[in-house]
>>> print(open('entry-v7.cif').read())   # mmCIF, C-alpha atoms
data_target
loop_
_atom_site.label_atom_id
_atom_site.label_comp_id
_atom_site.auth_asym_id
_atom_site.auth_seq_id
_atom_site.Cartn_x
_atom_site.Cartn_y
_atom_site.Cartn_z
CA MET Y 1 -25.30 20.62 -12.37
CA ARG Y 2 -24.51 17.45 -14.26
CA LEU Y 3 -21.18 17.27 -12.41
CA TYR Y 4 -23.02 17.74 -9.14
CA ARG Y 5 -25.32 14.83 -9.92
CA PHE Y 6 -22.37 12.72 -10.96
CA LEU Y 7 -20.61 13.42 -7.68
CA MET Y 8 -23.73 12.69 -5.70
CA LEU Y 9 -23.91 9.38 -7.52
CA CYS Y 10 -20.26 8.72 -6.63
CA ILE Y 11 -20.92 9.48 -2.99
CA ALA Y 12 -24.01 7.27 -3.03
CA CYS Y 13 -21.93 4.47 -4.56
CA ALA Y 14 -19.25 4.95 -1.94
CA VAL Y 15 -21.82 4.78 0.83
CA LEU Y 16 -23.24 1.62 -0.70
CA ILE Y 17 -19.79 0.11 -0.89
CA LEU Y 18 -19.01 1.17 2.65
CA THR Y 19 -22.16 -0.34 4.07
CA GLY Y 20 -22.69 -3.15 1.64
CA GLY Y 21 -20.10 -5.61 2.89
CA CYS Y 22 -22.65 -8.27 3.66
CA VAL Y 23 -24.87 -7.97 0.60
CA THR Y 24 -24.71 -11.17 -1.38
CA THR Y 25 -23.23 -10.65 -4.80
CA THR Y 26 -21.92 -13.09 -7.37
CA SER Y 27 -18.36 -13.97 -6.52
CA PRO Y 28 -15.76 -13.99 -9.27
CA ASP Y 29 -14.22 -17.25 -10.48
CA TYR Y 30 -11.33 -17.88 -8.11
CA SER Y 31 -10.17 -21.16 -9.69
CA ALA Y 32 -7.15 -19.74 -11.59
CA TYR Y 33 -6.16 -17.65 -8.56
CA ARG Y 34 -6.42 -20.70 -6.28
CA ALA Y 35 -4.41 -22.82 -8.71
CA HIS Y 36 -1.57 -20.27 -8.81
CA ILE Y 37 -1.87 -18.77 -5.34
CA PRO Y 38 1.23 -16.60 -4.84
CA LYS Y 39 3.44 -16.44 -1.78
CA SER Y 40 4.96 -13.13 -2.80
CA VAL Y 41 3.56 -10.03 -4.50
CA LEU Y 42 5.55 -7.31 -6.24
CA VAL Y 43 3.70 -3.99 -6.26
CA LEU Y 44 4.90 -1.63 -8.97
CA PRO Y 45 4.43 2.14 -8.62
CA PRO Y 46 0.95 2.82 -10.06
CA LEU Y 47 0.12 4.45 -13.37
CA ASN Y 48 -1.55 7.78 -12.82
CA GLN Y 49 -4.62 8.98 -14.69
CA SER Y 50 -5.51 11.55 -12.03
CA VAL Y 51 -4.37 15.16 -11.98
CA GLU Y 52 -2.59 14.76 -8.64
CA VAL Y 53 1.11 14.27 -9.39
CA ASN Y 54 1.86 12.82 -5.95
CA ALA Y 55 -0.87 10.20 -6.22
CA PRO Y 56 1.24 7.19 -7.32
CA TYR Y 57 3.66 7.36 -4.40
CA ALA Y 58 1.06 8.36 -1.83
CA TYR Y 59 -0.97 5.35 -2.95
CA LEU Y 60 2.12 3.15 -2.94
CA SER Y 61 2.60 3.90 0.77
CA THR Y 62 -0.84 2.46 1.60
CA ILE Y 63 -0.76 -0.91 -0.14
CA THR Y 64 1.88 -2.93 1.71
CA ARG Y 65 0.01 -3.23 4.99
CA PRO Y 66 -3.29 -4.70 3.69
CA LEU Y 67 -1.50 -7.03 1.26
CA ALA Y 68 0.87 -8.32 3.93
CA GLU Y 69 -1.90 -8.68 6.51
CA CYS Y 70 -3.83 -10.64 3.89
CA GLY Y 71 -0.95 -13.12 4.03
CA TYR Y 72 1.49 -12.32 1.23
CA TYR Y 73 5.15 -11.39 1.20
CA VAL Y 74 5.26 -7.86 -0.20
CA PHE Y 75 8.51 -6.63 -1.69
CA PRO Y 76 9.76 -3.34 -0.21
CA VAL Y 77 7.96 -0.82 -2.44
CA ALA Y 78 10.46 2.05 -2.15
CA VAL Y 79 13.50 -0.20 -2.67
CA VAL Y 80 11.88 -1.76 -5.75
CA ASP Y 81 11.14 1.71 -7.11
CA ALA Y 82 14.72 2.89 -6.50
CA LEU Y 83 16.21 -0.22 -8.08
CA MET Y 84 14.09 0.19 -11.19
CA LYS Y 85 14.97 3.87 -11.49
CA GLU Y 86 18.67 3.03 -11.19
CA ASN Y 87 18.22 0.56 -14.00
CA GLY Y 88 16.89 3.08 -16.48
CA LEU Y 89 13.18 2.88 -15.74
CA PRO Y 90 12.30 6.35 -14.41
CA THR Y 91 8.50 6.21 -14.70
CA PRO Y 92 5.73 3.84 -13.60
CA ALA Y 93 4.74 3.37 -17.28
CA GLU Y 94 8.23 2.07 -18.06
CA MET Y 95 8.22 -0.13 -14.97
CA HIS Y 96 4.86 -1.61 -16.01
CA SER Y 97 6.34 -2.57 -19.38
CA VAL Y 98 9.02 -4.83 -17.84
CA SER Y 99 8.52 -8.44 -18.94
CA LEU Y 100 7.39 -11.07 -16.47
CA LYS Y 101 10.46 -13.08 -17.37
CA LYS Y 102 12.69 -10.21 -16.22
CA ILE Y 103 10.60 -9.77 -13.07
CA HIS Y 104 11.08 -13.44 -12.31
CA GLU Y 105 14.86 -13.17 -12.80
CA VAL Y 106 15.38 -10.03 -10.72
CA PHE Y 107 12.77 -10.40 -7.98
CA GLY Y 108 11.66 -14.01 -7.97
CA ALA Y 109 8.14 -12.69 -7.36
CA ASP Y 110 5.21 -15.08 -7.74
CA ALA Y 111 2.76 -12.35 -8.75
CA VAL Y 112 2.72 -8.68 -9.72
CA LEU Y 113 0.08 -6.18 -8.67
CA TYR Y 114 -0.45 -3.60 -11.41
CA VAL Y 115 -2.37 -0.56 -10.23
CA THR Y 116 -3.81 2.35 -12.20
CA ILE Y 117 -5.04 5.38 -10.30
CA GLU Y 118 -8.14 6.77 -11.96
CA GLU Y 119 -9.04 9.51 -9.53
CA TYR Y 120 -7.16 10.94 -6.58
CA GLY Y 121 -7.74 14.07 -4.54
CA GLN Y 122 -10.30 16.76 -4.31
CA LYS Y 123 -13.29 17.68 -6.40
CA TYR Y 124 -14.58 21.19 -5.88
CA LEU Y 125 -18.20 22.15 -5.61
CA VAL Y 126 -19.77 25.43 -4.61
CA LEU Y 127 -20.79 24.48 -1.10
CA SER Y 128 -18.80 21.38 -0.47
CA SER Y 129 -15.83 19.47 -1.74
CA THR Y 130 -15.41 15.77 -2.14
CA THR Y 131 -12.19 13.83 -1.78
CA VAL Y 132 -12.07 10.81 -4.02
CA VAL Y 133 -9.71 7.88 -4.42
CA LYS Y 134 -10.31 5.38 -7.17
CA ALA Y 135 -7.83 2.85 -8.46
CA ARG Y 136 -8.10 -0.38 -10.39
CA ALA Y 137 -5.73 -3.25 -9.71
CA SER Y 138 -4.90 -6.56 -11.30
CA LEU Y 139 -2.87 -9.40 -9.90
CA VAL Y 140 -0.89 -11.27 -12.55
CA ASP Y 141 0.80 -14.65 -12.18
CA VAL Y 142 4.49 -14.25 -13.10
CA ALA Y 143 5.01 -17.83 -14.26
CA THR Y 144 2.06 -18.02 -16.65
CA GLY Y 145 0.98 -14.43 -17.29
CA THR Y 146 -2.54 -15.31 -16.18
CA THR Y 147 -4.59 -12.56 -14.56
CA LEU Y 148 -5.52 -14.07 -11.21
CA TRP Y 149 -7.70 -11.30 -9.85
CA LYS Y 150 -9.01 -7.84 -10.62
CA GLY Y 151 -10.32 -5.30 -8.19
CA THR Y 152 -11.24 -1.66 -7.72
CA ALA Y 153 -10.32 0.40 -4.70
CA GLN Y 154 -12.55 3.36 -4.13
CA ALA Y 155 -13.57 5.67 -1.37
CA ALA Y 156 -15.02 9.15 -1.18
CA ARG Y 157 -15.65 11.63 1.55
CA SER Y 158 -17.63 14.80 1.27
CA SER Y 159 -16.83 17.87 3.32
CA GLY Y 160 -20.53 18.77 3.22
CA ASP Y 161 -21.53 15.75 5.24
CA SER Y 162 -21.75 17.61 8.51
CA GLY Y 163 -23.14 20.84 7.08
CA GLY Y 164 -26.25 22.46 8.45
CA SER Y 165 -26.61 26.17 7.88
CA LEU Y 166 -25.30 27.90 4.75
CA VAL Y 167 -22.51 29.59 6.69
CA GLY Y 168 -21.63 26.31 8.34
CA MET Y 169 -21.39 24.62 4.98
CA LEU Y 170 -19.15 27.35 3.59
CA VAL Y 171 -16.82 27.07 6.57
CA THR Y 172 -16.73 23.29 6.32
CA ALA Y 173 -15.84 23.47 2.64
CA ALA Y 174 -13.05 25.98 3.25
CA VAL Y 175 -11.54 23.96 6.07
CA ALA Y 176 -11.67 20.75 4.07
CA GLN Y 177 -9.85 22.45 1.21
CA ILE Y 178 -7.09 23.61 3.52
CA VAL Y 179 -6.61 20.12 4.92
CA ASN Y 180 -6.50 18.82 1.39
CA THR Y 181 -3.63 21.00 0.25
CA THR Y 182 -1.32 18.40 1.73
CA THR Y 183 -3.30 15.55 0.11
CA ASP Y 184 -3.31 13.89 3.54
CA GLN Y 185 -7.05 13.33 3.38
CA ALA Y 186 -6.77 11.43 0.10
CA HIS Y 187 -3.89 9.46 1.61
CA MET Y 188 -6.15 8.32 4.46
CA LEU Y 189 -8.91 7.46 2.01
CA ALA Y 190 -6.45 5.37 0.02
CA TYR Y 191 -5.86 3.21 3.14
CA GLN Y 192 -9.57 2.74 3.51
CA ALA Y 193 -10.11 2.00 -0.19
CA ASN Y 194 -7.34 -0.59 -0.27
CA ALA Y 195 -8.49 -2.33 2.89
CA GLN Y 196 -12.00 -2.62 1.45
CA MET Y 197 -10.73 -3.90 -1.88
CA ILE Y 198 -8.49 -6.54 -0.33
CA PHE Y 199 -10.42 -7.73 2.74
CA ASN Y 200 -13.67 -8.51 1.04
CA ASP Y 201 -15.32 -11.90 1.28
CA HIS Y 202 -16.98 -11.64 -2.10
CA ASN Y 203 -14.45 -10.25 -4.52
CA GLY Y 204 -11.39 -9.45 -2.44
CA LEU Y 205 -8.05 -11.22 -2.42
CA LEU Y 206 -7.79 -14.81 -1.28
CA LEU Y 207 -5.98 -15.14 2.03
CA GLY Y 208 -2.27 -15.78 1.48
CA PRO Y 209 0.09 -18.29 3.15
CA TYR Y 210 1.11 -15.96 6.00
CA ASN Y 211 -2.49 -15.41 7.08
CA PRO Y 212 -3.67 -17.77 9.86
CA GLY Y 213 -6.93 -18.23 7.94
CA TYR Y 214 -5.17 -19.41 4.76
CA ALA Y 215 -6.04 -23.11 5.21
CA THR Y 216 -9.70 -22.43 5.96
CA ASP Y 217 -10.34 -19.94 3.12
CA THR Y 218 -12.63 -22.04 0.93
CA ARG Y 219 -13.01 -19.62 -1.97
CA GLY Y 220 -11.90 -21.17 -5.26
CA ARG Y 221 -11.50 -24.62 -3.76
CA MET Q 1 11.51 16.65 18.58
CA VAL Q 2 8.10 17.14 20.13
CA SER Q 3 6.93 19.34 17.28
CA LEU Q 4 8.03 16.67 14.83
CA ALA Q 5 6.52 13.77 16.67
CA SER Q 6 3.09 15.01 17.62
CA PRO Q 7 1.56 15.74 14.17
CA LEU Q 8 2.91 12.41 13.03
CA MET Q 9 1.29 10.64 15.96
CA ILE Q 10 -2.01 12.36 15.19
CA ARG Q 11 -1.83 11.28 11.57
CA ARG Q 12 -0.90 7.76 12.48
CA HIS Q 13 -3.86 7.54 14.83
CA ALA Q 14 -6.14 8.99 12.18
CA ILE Q 15 -4.94 6.43 9.64
CA LEU Q 16 -5.39 3.65 12.15
CA ALA Q 17 -8.88 4.86 12.92
CA ALA Q 18 -9.69 4.95 9.20
CA MET Q 19 -8.40 1.42 8.77
CA VAL Q 20 -10.34 0.11 11.75
CA ALA Q 21 -13.47 1.83 10.46
CA ALA Q 22 -12.87 0.30 7.05
CA LEU Q 23 -12.42 -3.16 8.47
CA LEU Q 24 -15.44 -2.84 10.75
CA SER Q 25 -17.64 -1.64 7.90
CA LEU Q 26 -17.00 -4.88 6.05
CA GLY Q 27 -19.05 -6.65 8.68
CA CYS Q 28 -18.53 -10.13 7.30
CA THR Q 29 -14.92 -10.59 8.30
CA PRO Q 30 -14.44 -10.71 12.05
CA GLN Q 31 -11.53 -8.54 13.09
CA LYS Q 32 -8.45 -10.52 14.01
CA PRO Q 33 -5.21 -9.31 15.54
CA LEU Q 34 -2.73 -7.99 12.99
CA ILE Q 35 0.01 -10.38 11.89
CA TYR Q 36 2.69 -7.67 12.12
CA ARG Q 37 3.47 -4.58 14.16
CA TRP Q 38 3.64 -1.87 11.49
CA GLY Q 39 5.22 1.06 13.30
CA VAL Q 40 6.46 3.89 11.09
CA TYR Q 41 7.44 1.99 7.92
CA GLU Q 42 4.61 3.13 5.66
CA ASP Q 43 4.64 6.64 7.17
CA LEU Q 44 8.29 6.93 6.18
CA VAL Q 45 7.60 5.69 2.64
CA TYR Q 46 4.86 8.33 2.37
CA GLU Q 47 7.04 11.11 3.76
CA MET Q 48 10.07 10.40 1.58
CA TYR Q 49 7.95 10.90 -1.53
CA ALA Q 50 5.30 13.41 -0.47
CA LYS Q 51 7.60 15.69 1.54
CA PRO Q 52 11.07 15.32 0.01
CA GLY Q 53 13.82 16.00 2.53
CA SER Q 54 11.62 15.24 5.53
CA ALA Q 55 12.78 11.63 5.81
CA ASP Q 56 16.49 11.53 5.00
CA PRO Q 57 18.37 8.22 5.34
CA GLY Q 58 19.73 9.13 8.79
CA THR Q 59 16.25 9.84 10.14
CA GLN Q 60 14.89 6.66 8.60
CA VAL Q 61 17.71 4.49 9.99
CA ALA Q 62 17.10 5.89 13.48
CA ARG Q 63 13.33 5.53 13.39
CA LEU Q 64 13.24 2.08 11.77
CA SER Q 65 15.90 0.70 14.14
CA GLU Q 66 13.94 2.01 17.11
CA ASP Q 67 10.79 0.47 15.62
CA ILE Q 68 12.40 -2.95 15.14
CA THR Q 69 13.74 -2.97 18.71
CA ARG Q 70 10.28 -2.18 20.03
CA THR Q 71 8.58 -4.77 17.83
CA GLN Q 72 11.00 -7.43 19.07
CA ALA Q 73 10.56 -6.33 22.68
CA GLU Q 74 6.80 -6.73 22.28
CA GLY Q 75 7.31 -10.20 20.82
CA ARG Q 76 5.62 -9.16 17.56
CA ARG Q 77 6.68 -9.76 13.97
CA VAL Q 78 8.50 -7.24 11.80
CA PRO Q 79 6.52 -6.71 8.54
CA PRO Q 80 7.81 -7.77 5.13
CA GLY Q 81 10.09 -5.19 3.55
CA VAL Q 82 11.12 -3.36 6.72
CA HIS Q 83 14.60 -4.87 7.05
CA ALA Q 84 15.20 -4.45 3.31
CA HIS Q 85 14.04 -0.83 3.46
CA LEU Q 86 16.35 -0.21 6.42
CA GLY Q 87 19.17 -1.90 4.47
CA TYR Q 88 18.57 0.46 1.57
CA MET Q 89 18.76 3.46 3.94
CA TYR Q 90 22.08 2.18 5.32
CA TYR Q 91 23.28 1.85 1.73
CA LEU Q 92 22.32 5.47 1.02
CA GLN Q 93 24.30 6.47 4.11
CA GLY Q 94 27.33 4.63 2.75
CA ASN Q 95 27.20 1.92 5.41
CA THR Q 96 27.47 -1.08 3.08
CA GLY Q 97 28.17 -3.60 5.87
CA ALA Q 98 25.00 -2.78 7.80
CA ALA Q 99 23.05 -2.70 4.54
CA TYR Q 100 24.26 -6.20 3.68
CA GLN Q 101 23.24 -7.49 7.11
CA GLU Q 102 19.73 -6.01 6.97
CA PHE Q 103 19.08 -7.57 3.58
CA ALA Q 104 20.25 -10.89 4.99
CA THR Q 105 17.74 -10.53 7.84
CA GLU Q 106 14.97 -9.82 5.33
CA ARG Q 107 15.80 -13.08 3.54
CA GLU Q 108 15.96 -14.99 6.81
CA LEU Q 109 12.49 -13.80 7.88
CA PHE Q 110 10.98 -14.07 4.41
CA PRO Q 111 12.63 -16.67 2.16
CA GLU Q 112 10.39 -15.39 -0.71
CA SER Q 113 12.78 -12.43 -0.95
CA ALA Q 114 15.85 -14.61 -1.65
CA THR Q 115 16.26 -13.89 -5.40
CA PHE Q 116 15.83 -10.16 -4.83
CA VAL Q 117 18.13 -10.05 -1.77
CA ASN Q 118 20.84 -12.16 -3.41
CA GLY Q 119 20.88 -9.79 -6.40
CA ILE Q 120 21.20 -6.75 -4.15
CA GLN Q 121 23.91 -8.35 -2.02
CA GLN Q 122 25.84 -9.14 -5.19
CA ARG Q 123 25.73 -5.46 -6.10
CA LEU Q 124 26.74 -4.46 -2.57
CA ARG Q 125 29.80 -6.72 -2.70
CA LYS Q 126 30.99 -4.81 -5.76
CA GLU Q 127 30.74 -1.46 -3.94
#
>>> encode(input="entry-v7.cif", output="structure tokens")
Amino acid sequence: MRLYRFLMLCIACAVLILTGGCVTTTSPDYSAYRAHIPKSVLVLPPLNQSVEVNAPYAYLSTITRPLAECGYYVFPVAVVDALMKENGLPTPAEMHSVSLKKIHEVFGADAVLYVTIEEYGQKYLVLSSTTVVKARASLVDVATGTTLWKGTAQAARSSGDSGGSLVGMLVTAAVAQIVNTTTDQAHMLAYQANAQMIFNDHNGLLLGPYNPGYATDTRGR
Amino acid sequence: MVSLASPLMIRRHAILAAMVAALLSLGCTPQKPLIYRWGVYEDLVYEMYAKPGSADPGTQVARLSEDITRTQAEGRRVPPGVHAHLGYMYYLQGNTGAAYQEFATERELFPESATFVNGIQQRLRKE
């Protein structure tokens, strides 16, 4: 019952986040970010605190598009991963421990995006199931080690949303669980979560040099 | 071919729909045209990890090359990483020359990749 209430709270939060784009909130201090605005971002394979083993790489396949559309050069995620593995760094944890000096030498990246997946995949309830994606990210300046920005990507979708009758709800839950066996639903939610985290006027990323709006983005100026 | 393509198309449309919905729900930021034509790049990255064996280097070379041709024909821009990813697939196929060329194209389009590309080309020359 406590779990149920927790999940309901999560869903409520997700709904608030989904609909709350225009609510005025205090913006973070963008001055350090503006002072060191990167041209290029290296995304390392995420650390995984969820139970879904495929989460890091499924997530990794959803981050390039929003980052690049935001205006940054994004290093090819799969090539970076392969190169690191070839150089004796088989896990995301080991990749995350590489020094910024080394990252500068090998990649020439201006900033690194470190991501930790907190939740990924399905949560089971009696009459419904909820798919959740939650990840925290921080953007670090390679030259100075300064954290330029921190954000959280999260999205949730409940299979019980469309339920009416008891039988209907049971069927909906069963179908949603089948779809989820491939983790495709969480994959789609990860796209949504990342887009919301990045393209957000209040606490999202600043527009990068490749975005046509770069010059007119006044945040942190 | 049809059985392979159609579920992919459906998923791609679903992802696109999710992204559009996500962007629309933000409300504050008016939707602008995308900077790049994305094609299958991220789908391939997903498949090579989530469904091992489903996106072998040969398949990826074919699909990315087709994608790039179409992007150019439409006068759009190829996203960051695509030429480098294609270069890596050529490398896995043993086609070092084509790999070298694709990495060079990545650097030409995105000078930010120069350090990374130069390092990789140095390794390729030793092959």
>>> resolve_selection(input="entry-v7.cif", expression="the PyMOL selection byres ((chain Y and resi 154) around 6)", output="MDAnalysis selection string")
chainID Y and resid 133:134 153 155 193
>>> closest_residue(input="entry-v7.cif", among="Q:Asp43, Q:Glu108, Q:Glu127, Q:Glu74", to="chain Y", atoms="all atoms listed in the file")
Q:Asp43
>>> atom_distance(input="entry-v7.cif", atom1="CA of Val74 (chain Y)", atom2="CA of Pro38 (chain Y)")
10.7 Å
>>> resolve_selection(input="entry-v7.cif", expression="the PyMOL selection byres ((chain Y) within 8 of (chain Q))", output="PyMOL selection string")
chain Y and resi 18-22+39-40+54+57-58+60-62+64-65+68-69+73-79+105-109+188-189+191-193+195-196+199-201+211
>>> resolve_selection(input="entry-v7.cif", expression="the PyMOL selection byres ((chain Y and resi 218) around 12)", output="list of chain:residue names")
Y:Tyr30, Y:Ser31, Y:Arg34, Y:Asp201, Y:His202, Y:Leu206, Y:Leu207, Y:Gly213, Y:Tyr214, Y:Ala215, Y:Thr216, Y:Asp217, Y:Arg219, Y:Gly220, Y:Arg221
>>> atom_distance(input="entry-v7.cif", atom1="CA of Glu86 (chain Y)", atom2="CA of Gln122 (chain Q)")
15.3 Å
>>> atom_distance(input="entry-v7.cif", atom1="CA of Thr91 (chain Y)", atom2="CA of His104 (chain Y)")
20.0 Å
>>> axis_aligned_box(input="entry-v7.cif", around="region 59-64 of chain Q", padding_each_side="5 Å", output="JSON")
{"center_x": 15.5, "center_y": 6.0, "center_z": 11.0, "size_x": 14.5, "size_y": 17.8, "size_z": 14.9}
